[in-house]
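Peer 1: Handing over coords.txt, compact mmCIF, C-alpha atoms.
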```
# COMPACT_ATOMS: atom_id res chain seq x y z
CA MET E 1 -23.99 24.63 23.21
CA ASP E 2 -22.17 21.28 23.26
CA LEU E 3 -24.09 18.04 22.92
CA TYR E 4 -22.76 14.61 23.79
CA LEU E 5 -24.23 11.45 22.37
CA MET E 6 -23.34 7.80 22.85
CA CYS E 7 -23.95 5.67 19.78
CA LYS E 8 -24.29 1.86 19.96
CA LYS E 9 -21.78 1.81 22.83
CA THR E 10 -18.97 1.57 20.25
CA MET E 11 -18.08 5.21 19.70
CA SER E 12 -18.27 8.61 21.27
CA VAL E 13 -19.65 11.44 19.18
CA PHE E 14 -18.87 15.02 20.03
CA ILE E 15 -21.12 17.53 18.29
CA ARG E 16 -20.29 21.23 18.25
CA ARG E 17 -22.57 23.95 16.87
CA CYS E 18 -20.66 25.95 14.24
CA ALA E 19 -21.16 29.61 13.29
CA ASP E 20 -22.64 28.69 9.91
CA LEU E 21 -25.30 26.51 11.60
CA ARG E 22 -23.57 23.34 10.37
CA LEU E 23 -22.39 20.61 12.67
CA LEU E 24 -18.87 19.29 12.92
CA ILE E 25 -18.88 15.76 14.24
CA VAL E 26 -15.61 14.47 15.58
CA VAL E 27 -15.85 10.74 15.84
CA THR E 28 -13.37 8.88 17.97
CA ALA E 29 -13.55 5.12 18.19
CA MET E 30 -13.57 3.58 21.66
CA ALA E 31 -14.08 -0.07 20.82
CA CYS E 32 -14.49 -2.42 17.90
CA THR E 33 -16.61 -5.51 17.83
CA ALA E 34 -14.43 -8.51 17.00
CA GLY E 35 -15.56 -11.20 14.62
CA THR E 36 -18.06 -9.54 12.30
CA LYS E 37 -20.44 -11.46 10.09
CA ALA E 38 -18.39 -10.38 7.07
CA GLN E 39 -15.24 -11.89 8.58
CA ASP E 40 -17.10 -15.07 9.51
CA ARG E 41 -18.19 -15.51 5.90
CA LEU E 42 -14.55 -15.54 4.85
CA LEU E 43 -14.11 -18.79 6.76
CA SER E 44 -17.19 -20.46 5.32
CA ALA E 45 -17.10 -23.51 3.05
CA GLY E 46 -16.16 -22.70 -0.51
CA SER E 47 -13.78 -19.90 0.44
CA THR E 48 -10.15 -19.70 -0.69
CA VAL E 49 -9.17 -18.32 2.72
CA GLU E 50 -6.81 -20.31 4.96
CA PRO E 51 -8.51 -20.35 8.40
CA ALA E 52 -5.27 -20.28 10.41
CA LEU E 53 -3.90 -17.39 8.36
CA GLN E 54 -7.15 -15.43 8.58
CA LYS E 55 -7.37 -15.85 12.33
CA LEU E 56 -3.76 -14.73 12.74
CA ALA E 57 -4.37 -11.65 10.60
CA GLU E 58 -7.46 -10.70 12.60
CA ARG E 59 -5.58 -11.25 15.83
CA LEU E 60 -2.68 -9.02 14.73
CA LEU E 61 -5.08 -6.19 13.86
CA ASN E 62 -6.55 -6.16 17.35
CA LYS E 63 -6.67 -2.62 18.80
CA LYS E 64 -5.71 -1.16 15.42
CA GLN E 65 -7.39 0.11 12.27
CA GLY E 66 -6.36 -1.15 8.86
CA SER E 67 -6.15 -4.39 6.92
CA ILE E 68 -4.01 -7.40 6.07
CA VAL E 69 -4.31 -9.17 2.72
CA ALA E 70 -2.50 -12.25 1.42
CA ILE E 71 -2.72 -13.72 -2.08
CA GLU E 72 -1.38 -16.90 -3.65
CA PRO E 73 0.55 -15.37 -6.59
CA SER E 74 0.18 -18.28 -9.00
CA THR E 75 -3.62 -18.51 -8.71
CA GLY E 76 -4.93 -15.15 -7.44
CA ARG E 77 -6.60 -16.90 -4.52
CA VAL E 78 -7.08 -14.67 -1.49
CA LEU E 79 -5.50 -16.51 1.43
CA CYS E 80 -6.58 -13.99 4.05
CA MET E 81 -8.37 -10.65 4.08
CA ALA E 82 -8.67 -9.16 7.54
CA SER E 83 -10.03 -5.69 8.18
CA ARG E 84 -10.49 -3.59 11.30
CA ASP E 85 -12.63 -0.48 11.16
CA LYS E 86 -13.23 1.08 14.56
CA LEU E 87 -16.37 2.88 13.38
CA ASP E 88 -17.96 0.43 10.96
CA SER E 89 -17.14 -3.22 11.53
CA ALA E 90 -18.85 -4.16 8.25
CA ASN E 91 -16.48 -1.96 6.20
CA ASN E 92 -13.75 -3.96 4.45
CA ARG E 93 -10.87 -1.50 4.44
CA ALA E 94 -8.74 -3.86 2.35
CA VAL E 95 -10.81 -2.94 -0.72
CA SER E 96 -12.96 0.06 0.20
CA GLU E 97 -10.27 2.52 1.25
CA ALA E 98 -7.87 4.17 -1.21
CA TYR E 99 -4.77 5.54 0.48
CA SER E 100 -1.40 6.95 -0.46
CA PRO E 101 0.75 3.84 -1.06
CA GLY E 102 3.86 5.43 0.39
CA SER E 103 7.25 3.94 -0.42
CA THR E 104 5.82 0.55 -1.38
CA PHE E 105 4.96 2.30 -4.66
CA LYS E 106 8.65 2.88 -5.39
CA THR E 107 8.77 -0.69 -6.67
CA ALA E 108 6.18 0.10 -9.35
CA GLN E 109 7.96 3.34 -10.18
CA ALA E 110 11.27 1.52 -10.60
CA LEU E 111 9.65 -1.10 -12.83
CA THR E 112 8.19 1.59 -15.10
CA MET E 113 11.14 3.96 -15.34
CA PHE E 114 13.68 1.14 -15.80
CA SER E 115 11.61 -0.42 -18.58
CA GLU E 116 11.31 2.94 -20.35
CA GLY E 117 15.06 3.60 -20.20
CA GLN E 118 14.79 6.57 -17.85
CA ILE E 119 16.84 4.85 -15.14
CA PHE E 120 19.40 2.06 -15.12
CA GLU E 121 20.84 -0.19 -12.46
CA ASN E 122 23.79 2.17 -11.98
CA THR E 123 21.74 5.40 -11.95
CA GLU E 124 22.67 7.53 -8.93
CA TYR E 125 21.06 10.46 -7.13
CA ASN E 126 22.42 12.28 -4.11
CA CYS E 127 20.52 12.46 -0.84
CA HIS E 128 21.48 14.35 2.29
CA GLU E 129 18.54 13.42 4.50
CA GLY E 130 16.37 14.79 1.72
CA PHE E 131 16.69 17.74 -0.66
CA TRP E 132 15.28 21.20 -1.28
CA VAL E 133 13.21 22.38 -4.23
CA ASP E 134 11.35 25.70 -4.49
CA ASN E 135 11.83 26.36 -0.77
CA ILE E 136 10.24 22.99 0.07
CA HIS E 137 12.22 20.30 1.85
CA ILE E 138 11.55 16.70 0.88
CA GLY E 139 12.79 14.71 3.86
CA CYS E 140 14.51 11.33 3.96
CA HIS E 141 16.12 9.21 6.63
CA LYS E 142 19.89 9.02 7.02
CA HIS E 143 21.63 6.51 4.74
CA PRO E 144 24.73 6.31 2.49
CA SER E 145 24.71 8.58 -0.57
CA PRO E 146 24.68 8.44 -3.51
CA LEU E 147 22.82 5.16 -4.04
CA GLN E 148 22.28 3.05 -7.15
CA LEU E 149 18.91 1.51 -7.97
CA VAL E 150 18.96 -1.73 -5.94
CA GLN E 151 20.05 0.07 -2.79
CA ALA E 152 17.70 2.99 -3.48
CA ILE E 153 14.88 0.44 -3.20
CA ALA E 154 16.44 -1.29 -0.20
CA GLN E 155 17.06 1.94 1.71
CA SER E 156 13.83 3.53 0.40
CA CYS E 157 15.41 6.83 -0.60
CA ASN E 158 12.82 9.55 -1.10
CA SER E 159 15.26 11.87 -2.85
CA TRP E 160 16.20 9.20 -5.39
CA PHE E 161 12.64 8.42 -6.44
CA CYS E 162 11.33 11.98 -6.41
CA LYS E 163 14.22 13.19 -8.56
CA ALA E 164 13.96 10.20 -10.91
CA PHE E 165 10.22 10.70 -11.44
CA ARG E 166 10.69 14.45 -11.93
CA ASP E 167 13.32 13.76 -14.58
CA TYR E 168 11.10 11.13 -16.21
CA ILE E 169 8.19 13.56 -16.65
CA ASN E 170 10.52 16.31 -17.92
CA ASN E 171 12.51 14.08 -20.30
CA ARG E 172 11.83 15.51 -23.76
CA ALA E 173 14.36 13.13 -25.33
CA LEU E 174 12.08 10.19 -24.41
CA TYR E 175 8.71 11.90 -24.78
CA PRO E 176 7.68 14.88 -26.93
CA SER E 177 5.50 16.25 -24.12
CA LYS E 178 4.65 15.84 -20.46
CA PHE E 179 1.28 14.50 -21.59
CA ARG E 180 2.95 11.59 -23.42
CA ALA E 181 5.18 10.94 -20.41
CA ILE E 182 2.33 10.71 -17.90
CA GLY E 183 0.19 8.78 -20.39
CA THR E 184 2.89 6.14 -20.80
CA TRP E 185 3.35 5.96 -17.03
CA ASN E 186 -0.41 5.53 -16.59
CA LYS E 187 -0.46 2.57 -19.02
CA TYR E 188 2.32 0.81 -17.11
CA MET E 189 0.55 1.31 -13.78
CA ARG E 190 -2.79 0.09 -15.12
CA SER E 191 -1.07 -3.03 -16.43
CA MET E 192 -0.05 -3.76 -12.84
CA GLY E 193 -3.63 -3.42 -11.58
CA PHE E 194 -3.81 0.20 -10.41
CA GLY E 195 -6.59 2.69 -11.16
CA GLN E 196 -9.22 -0.01 -11.57
CA THR E 197 -11.06 -2.75 -9.70
CA ILE E 198 -9.24 -6.09 -9.94
CA ALA E 199 -11.17 -8.54 -7.75
CA LEU E 200 -13.55 -11.01 -9.35
CA ASP E 201 -15.93 -11.62 -6.46
CA ILE E 202 -15.29 -9.08 -3.70
CA SER E 203 -17.88 -6.31 -3.33
CA GLY E 204 -17.29 -2.68 -2.43
CA GLU E 205 -13.95 -2.39 -4.23
CA ASN E 206 -12.52 1.10 -4.69
CA PRO E 207 -10.57 1.58 -7.96
CA GLY E 208 -8.24 4.10 -6.35
CA VAL E 209 -6.81 7.13 -8.16
CA LEU E 210 -4.30 6.86 -11.00
CA PRO E 211 -3.57 10.30 -12.46
CA ASP E 212 -3.51 10.89 -16.20
CA SER E 213 -2.94 14.12 -18.10
CA ALA E 214 -6.61 15.16 -17.98
CA TYR E 215 -6.72 14.66 -14.20
CA LEU E 216 -3.51 16.62 -13.63
CA GLU E 217 -4.63 19.41 -15.97
CA GLN E 218 -7.82 19.79 -13.97
CA ILE E 219 -6.43 19.77 -10.44
CA HIS E 220 -3.38 21.91 -11.30
CA ASN E 221 -5.24 24.29 -13.64
CA GLY E 222 -2.93 23.34 -16.49
CA ARG E 223 0.19 24.35 -14.55
CA TRP E 224 2.08 21.17 -13.77
CA ASN E 225 5.42 19.62 -14.62
CA GLY E 226 7.83 17.03 -13.26
CA THR E 227 8.52 19.05 -10.12
CA THR E 228 4.82 19.62 -9.42
CA VAL E 229 4.00 15.91 -9.45
CA MET E 230 7.32 14.44 -8.27
CA TRP E 231 5.71 13.40 -4.97
CA ASN E 232 4.14 10.49 -6.83
CA GLY E 233 7.66 9.15 -7.25
CA MET E 234 7.68 8.20 -3.58
CA GLY E 235 4.03 7.16 -3.38
CA GLN E 236 2.54 10.43 -2.17
CA GLY E 237 0.73 13.10 -4.14
CA GLU E 238 -2.22 12.31 -6.38
CA VAL E 239 -1.91 8.52 -6.60
CA LYS E 240 -4.17 6.45 -4.32
CA THR E 241 -4.31 2.66 -4.01
CA THR E 242 -6.11 0.02 -1.98
CA PRO E 243 -4.34 -2.59 0.15
CA LEU E 244 -5.63 -5.28 -2.23
CA GLN E 245 -3.98 -3.49 -5.16
CA LEU E 246 -0.69 -3.27 -3.25
CA CYS E 247 -0.87 -6.96 -2.40
CA ASN E 248 -1.50 -7.65 -6.07
CA LEU E 249 1.61 -5.59 -6.91
CA ALA E 250 3.64 -7.89 -4.66
CA ALA E 251 2.12 -10.85 -6.54
CA VAL E 252 3.05 -9.31 -9.90
CA ILE E 253 6.67 -8.95 -8.78
CA ALA E 254 6.68 -12.45 -7.29
CA ASN E 255 5.47 -13.82 -10.64
CA ARG E 256 7.96 -11.65 -12.54
CA GLY E 257 5.35 -9.88 -14.58
CA TRP E 258 1.80 -11.22 -14.38
CA TYR E 259 -1.16 -11.74 -12.08
CA VAL E 260 -4.44 -13.63 -11.91
CA SER E 261 -7.41 -11.54 -10.77
CA PRO E 262 -7.80 -11.90 -6.99
CA HIS E 263 -10.81 -13.92 -5.88
CA ILE E 264 -12.12 -15.33 -2.63
CA ARG E 265 -14.66 -17.96 -3.72
CA LEU E 266 -13.68 -21.38 -5.10
CA ASP E 267 -16.75 -21.52 -7.35
CA THR E 268 -15.40 -18.45 -9.16
CA GLU E 269 -12.76 -20.78 -10.60
CA LYS E 270 -15.41 -22.78 -12.47
CA ASP E 271 -15.15 -20.19 -15.24
CA SER E 272 -11.59 -20.72 -16.43
CA SER E 273 -11.75 -17.64 -18.67
CA LEU E 274 -11.71 -15.49 -15.53
CA LEU E 275 -8.40 -16.98 -14.43
CA ARG E 276 -6.31 -15.81 -17.37
CA ARG E 277 -2.95 -14.19 -16.72
CA HIS E 278 -2.82 -10.41 -16.91
CA HIS E 279 0.64 -9.49 -18.18
CA ALA E 280 2.25 -6.31 -16.91
CA LEU E 281 4.23 -4.05 -19.24
CA PRO E 282 7.59 -3.85 -17.40
CA THR E 283 10.47 -5.87 -18.82
CA PRO E 284 11.86 -9.10 -17.30
CA GLN E 285 15.09 -7.22 -16.55
CA ALA E 286 13.14 -4.59 -14.59
CA PHE E 287 11.44 -7.26 -12.47
CA ASP E 288 14.80 -8.87 -11.75
CA VAL E 289 16.29 -5.60 -10.49
CA VAL E 290 13.27 -4.73 -8.34
CA ALA E 291 13.15 -8.23 -6.84
CA ARG E 292 16.81 -7.89 -5.90
CA GLY E 293 16.04 -4.52 -4.34
CA MET E 294 13.25 -6.04 -2.25
CA ARG E 295 15.54 -8.85 -1.13
CA ALA E 296 18.22 -6.31 -0.24
CA ALA E 297 15.64 -4.42 1.84
CA VAL E 298 15.20 -7.54 3.99
CA ILE E 299 18.90 -8.38 4.20
CA GLY E 300 20.19 -4.94 5.14
CA GLY E 301 17.63 -2.27 4.29
CA THR E 302 14.55 -0.76 5.85
CA CYS E 303 13.01 -4.11 6.83
CA ALA E 304 16.19 -5.90 7.93
CA SER E 305 14.59 -6.60 11.33
CA ILE E 306 12.32 -9.26 9.79
CA ASN E 307 15.10 -11.28 8.13
CA GLN E 308 15.28 -14.90 9.23
CA GLN E 309 17.03 -18.17 8.37
CA ALA E 310 14.01 -20.48 7.99
CA PHE E 311 13.05 -19.08 4.57
CA ARG E 312 14.00 -16.17 2.33
CA MET E 313 11.52 -13.35 1.85
CA CYS E 314 11.43 -10.14 -0.18
CA GLY E 315 9.80 -6.98 1.09
CA LYS E 316 9.29 -3.25 0.83
CA THR E 317 8.26 -0.90 3.60
CA GLY E 318 6.16 2.21 3.22
CA THR E 319 5.20 5.18 5.36
CA ALA E 320 2.30 7.29 4.10
CA GLU E 321 2.02 10.88 5.28
CA ASN E 322 -1.47 12.09 6.15
CA ILE E 323 -3.37 14.12 8.73
CA GLY E 324 -2.25 12.80 12.11
CA GLU E 325 0.31 10.05 12.55
CA ASP E 326 1.68 8.39 9.42
CA HIS E 327 0.30 5.10 8.13
CA SER E 328 2.51 2.00 8.37
CA ILE E 329 2.69 -0.17 5.22
CA PHE E 330 4.47 -3.30 4.03
CA ILE E 331 4.33 -5.47 0.93
CA GLY E 332 6.29 -8.66 0.41
CA TYR E 333 6.34 -12.23 -0.84
CA ALA E 334 7.89 -15.56 0.11
CA PRO E 335 9.69 -17.80 -0.42
CA LYS E 336 11.99 -15.81 -2.68
CA GLU E 337 12.63 -18.64 -5.15
CA LYS E 338 9.12 -20.06 -5.65
CA PRO E 339 6.70 -17.64 -3.99
CA THR E 340 3.50 -19.08 -2.54
CA VAL E 341 2.27 -15.99 -0.74
CA ALA E 342 2.18 -12.23 -1.38
CA VAL E 343 1.12 -9.93 1.43
CA CYS E 344 0.14 -6.35 2.16
CA VAL E 345 -0.21 -4.90 5.65
CA TYR E 346 -1.70 -1.42 6.02
CA VAL E 347 -2.12 -0.08 9.56
CA GLU E 348 -3.40 3.45 9.95
CA ASN E 349 -1.59 5.98 12.15
CA ALA E 350 1.02 3.39 13.18
CA GLY E 351 4.13 5.27 12.04
CA PHE E 352 7.03 3.89 10.02
CA GLY E 353 6.42 0.82 7.88
CA ALA E 354 9.42 -0.88 9.44
CA ASP E 355 8.06 -0.42 12.96
CA LEU E 356 4.75 -2.27 12.71
CA ALA E 357 3.57 -3.30 9.24
CA ALA E 358 6.77 -5.17 8.34
CA PRO E 359 6.83 -7.36 11.48
CA LEU E 360 3.15 -8.20 10.99
CA GLY E 361 3.75 -9.06 7.35
CA ALA E 362 6.65 -11.32 8.29
CA LEU E 363 4.42 -13.26 10.70
CA ILE E 364 1.79 -13.76 8.00
CA MET E 365 4.41 -15.08 5.58
CA GLU E 366 5.90 -17.37 8.21
CA GLN E 367 2.51 -18.83 9.11
CA HIS E 368 1.80 -19.63 5.46
CA VAL E 369 5.24 -20.88 4.41
CA MET E 370 6.08 -22.87 7.54
CA GLY E 371 2.54 -23.91 8.46
CA ARG E 372 2.91 -22.46 11.95
CA LEU E 373 4.71 -19.79 13.93
CA SER E 374 7.88 -20.60 15.81
CA GLU E 375 7.81 -20.24 19.58
CA ARG E 376 9.68 -16.95 19.28
CA SER E 377 7.32 -15.64 16.58
CA GLU E 378 4.29 -16.68 18.60
CA LYS E 379 5.53 -14.50 21.44
CA HIS E 380 5.94 -11.62 19.02
CA ALA E 381 2.43 -12.20 17.66
CA ALA E 382 1.01 -12.02 21.17
CA GLN E 383 2.85 -8.77 21.80
CA TRP E 384 1.64 -7.19 18.56
CA ALA E 385 -1.92 -8.36 19.17
CA GLY E 386 -1.89 -6.41 22.43
CA PHE E 387 -0.34 -3.31 20.91
CA ARG E 388 -2.83 -0.46 20.62
CA VAL E 389 -2.62 2.17 17.88
CA LYS E 390 -4.43 5.44 18.53
CA ILE E 391 -6.49 6.50 15.52
CA THR E 392 -6.60 10.11 14.37
CA PRO E 393 -10.19 11.40 14.90
CA VAL E 394 -12.31 11.66 11.76
CA GLU E 395 -13.95 15.05 11.18
CA ILE E 396 -17.22 14.94 9.22
CA PRO E 397 -19.07 18.21 8.40
CA MET E 398 -22.84 17.66 8.55
CA SER E 399 -25.99 19.72 8.08
CA LEU E 400 -28.70 20.04 10.68
CA ASP E 401 -30.98 18.42 8.11
CA ASP E 402 -29.07 15.15 8.64
CA PHE E 403 -30.67 14.72 12.08
```
Turn this file's structure into structure tokens for me.
Peer 2:
Amino acid sequence: MDLYLMCKKTMSVFIRRCADLRLLIVVTAMACTAGTKAQDRLLSAGSTVEPALQKLAERLLNKKQGSIVAIEPSTGRVLCMASRDKLDSANNRAVSEAYSPGSTFKTAQALTMFSEGQIFENTEYNCHEGFWVDNIHIGCHKHPSPLQLVQAIAQSCNSWFCKAFRDYINNRALYPSKFRAIGTWNKYMRSMGFGQTIALDISGENPGVLPDSAYLEQIHNGRWNGTTVMWNGMGQGEVKTTPLQLCNLAAVIANRGWYVSPHIRLDTEKDSSLLRRHHALPTPQAFDVVARGMRAAVIGGTCASINQQAFRMCGKTGTAENIGEDHSIFIGYAPKEKPTVAVCVYVENAGFGADLAAPLGALIMEQHVMGRLSERSEKHAAQWAGFRVKITPVEIPMSLDDF
């Protein structure tokens, strides 16, 4: 027997009796209340948030689910933190949700592997719209091949980064064992803010998932190698990050190797010891190469559509595979020379990073750097604000005892 319930006029809940006397609730959002109390607090006195930037971010997330975060790289101040959750308007998805980072994570992979001497600027890997391994096809979009490192970042080549990470884990000349390889990788990633909470004064933060040897031994029953975990090379697989952590990664690259813990309250800055610089492990040369790759992505790579003359930005798109439509992701910073803003846009089920997240990220950077949107950009903002993204239904198994 099917039961239909309406809950708070904001969602429809379809409940189906299962054979094992459990209930499967399929929740599909129908509406989302704009302007929650949590969002209003972000604009209160004593906040680091820029009101115009926050309002733009909230506007761009209309009819979507996801988050937009912007940080001032030199101080760690959160300039905006907008979140849309079509089921729970009080849930801050910028910090509470840990997702696959997709291809934005290739920047962190390049920083680590370059610093360790696994890859070099002239390292090449072939890609023919992907490659095959063990009867599994790892897909990639069409682009010139082979590519060297800067263009591998710019064109976001899945084959390049999966093969490079596989070879890194299996490299017995660099590491005596796979355990030492993944342990070294884990240290680099933690130094960039992954696998831990990083905010000073933002509640509900999820540390994400950063695999180490113990974790991989457990989930793979001791049977893993470079091929097994190569998906992490392109930001899929076991690794999970929050949008705040990805924004912080953009800040680390903008600063060429350090970050200040993100914070959203000005009174947090009264304790100067909290504002120390956290130095990442990658080398200055690695940051230079990755920054050039992110600039190349804007000039003629996967986010070339957001390039403009008013100021120079650096960016990296990402597309995270999941159940339903892919998630659209973008990280970036601007201006290129003396960055004042780092941004992460994460929109669920919105497809390729270049299609939605990158244009939204560009608008956020323009608003901050220029102080306003151009007439042309304002038209684009209005169009994106009206663009609806259909969310994949969430399936939650529940017991009859829950009612």
Peer 1: One decimal, in Å: what's the spacing between CA of Phe105 in chain E and CA of Met234 in chain E?
Peer 2: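 Separating CA of Phe105 in chain E from CA of Met234 in chain E is a distance of 6.6 Å.
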Peer 1: Would you write out, as a tab-separated table, a table of all residues in range 224-255 of chain E that have an atom no more than 12 Å from an atom of range 268-277 of chain E, listing for each the closest atom pair and the distance in Å to one decimal, considering all atoms listed in the file and ordering rows by chain and rising residue number?
Peer 2:
```
residue	atom	partner	partner_atom	distance
E:Ala251	CA	E:Arg277	CA	11.9
E:Val252	CA	E:Arg277	CA	10.3
E:Asn255	CA	E:Arg277	CA	10.4
```
Peer 1: Tell me which of E:Thr184, E:Ser83, E:Thr319, E:Thr228 sits closest to Glu116 in chain E, counting all atoms listed in the file.
Peer 2: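 Looking at the shortest contact to Glu116 in chain E, the residue is E:Thr184.
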Peer 1: Would you mind listing what lies within 7 Å of Ala357 in chain E as a PyMOL selection string, with all atoms listed in the file counted and same-chain residues fewer than 5 positions away left out?
Peer 2: chain E and resi 328-330+345-347
Peer 1: For Val69 in chain E, find every residue with an atom within 7 Å (counting all atoms listed in the file), except residues of its own chain fewer than 2 positions away, and show them as a ChimeraX atom specification.
Peer 2: /E:67,71,80-82,94,244,247,343-345
Peer 1: Nearest to Ser159 in chain E among E:Pro73, E:Pro211, E:Gly183, E:Gly130, with distances taken over only C-alpha atoms: which residue is it?
Peer 2: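 The closest residue to Ser159 in chain E is E:Gly130.
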Peer 1: Could you check how far CA of Val298 in chain E sits from CA of Gly353 in chain E, in Å to one decimal?
Peer 2: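 About the pair CA of Val298 in chain E and CA of Gly353 in chain E: they are 12.7 Å apart.
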Peer 1: Please list as a VMD selection string every residue within 8 Å of Ile306 in chain E, counting only C-alpha atoms and excluding residues in the same chain fewer than 2 positions away.
Peer 2: chain E and resid 298 303 to 304 308 358 to 359 362
Peer 1: So that I can see what lies close to range 206-208 of chain E, please list as number ranges by chain the residues with an atom at most 10 Å from it, counting all atoms listed in the file and leaving out residues fewer than 5 positions away in the same chain.
Peer 2: E: 93-100, 193-198, 239-242, 244-245
Peer 1: Would you please work out which residue, of E:Leu79, E:Leu200, E:Leu249, E:Leu216, is nearest to Met365 in chain E when using all atoms listed in the file?
Peer 2: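 Of all the options, E:Leu79 lies closest to Met365 in chain E.
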Peer 1: Identify which of the residues E:Leu373, E:Leu53, E:Cys314, E:Leu61 lies closest to Glu348 in chain E, counting all atoms listed in the file when measuring atom-to-atom distances.
Peer 2: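 Ranking E:Leu373, E:Leu53, E:Cys314, E:Leu61 by distance to Glu348 in chain E, first place goes to E:Leu61.
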Peer 1: Work out how far CA of Ser103 in chain E is from CA of Ala320 in chain E, in Å to one decimal.
Peer 2: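 About the pair CA of Ala320 in chain E and CA of Ser103 in chain E: they are 7.5 Å apart.
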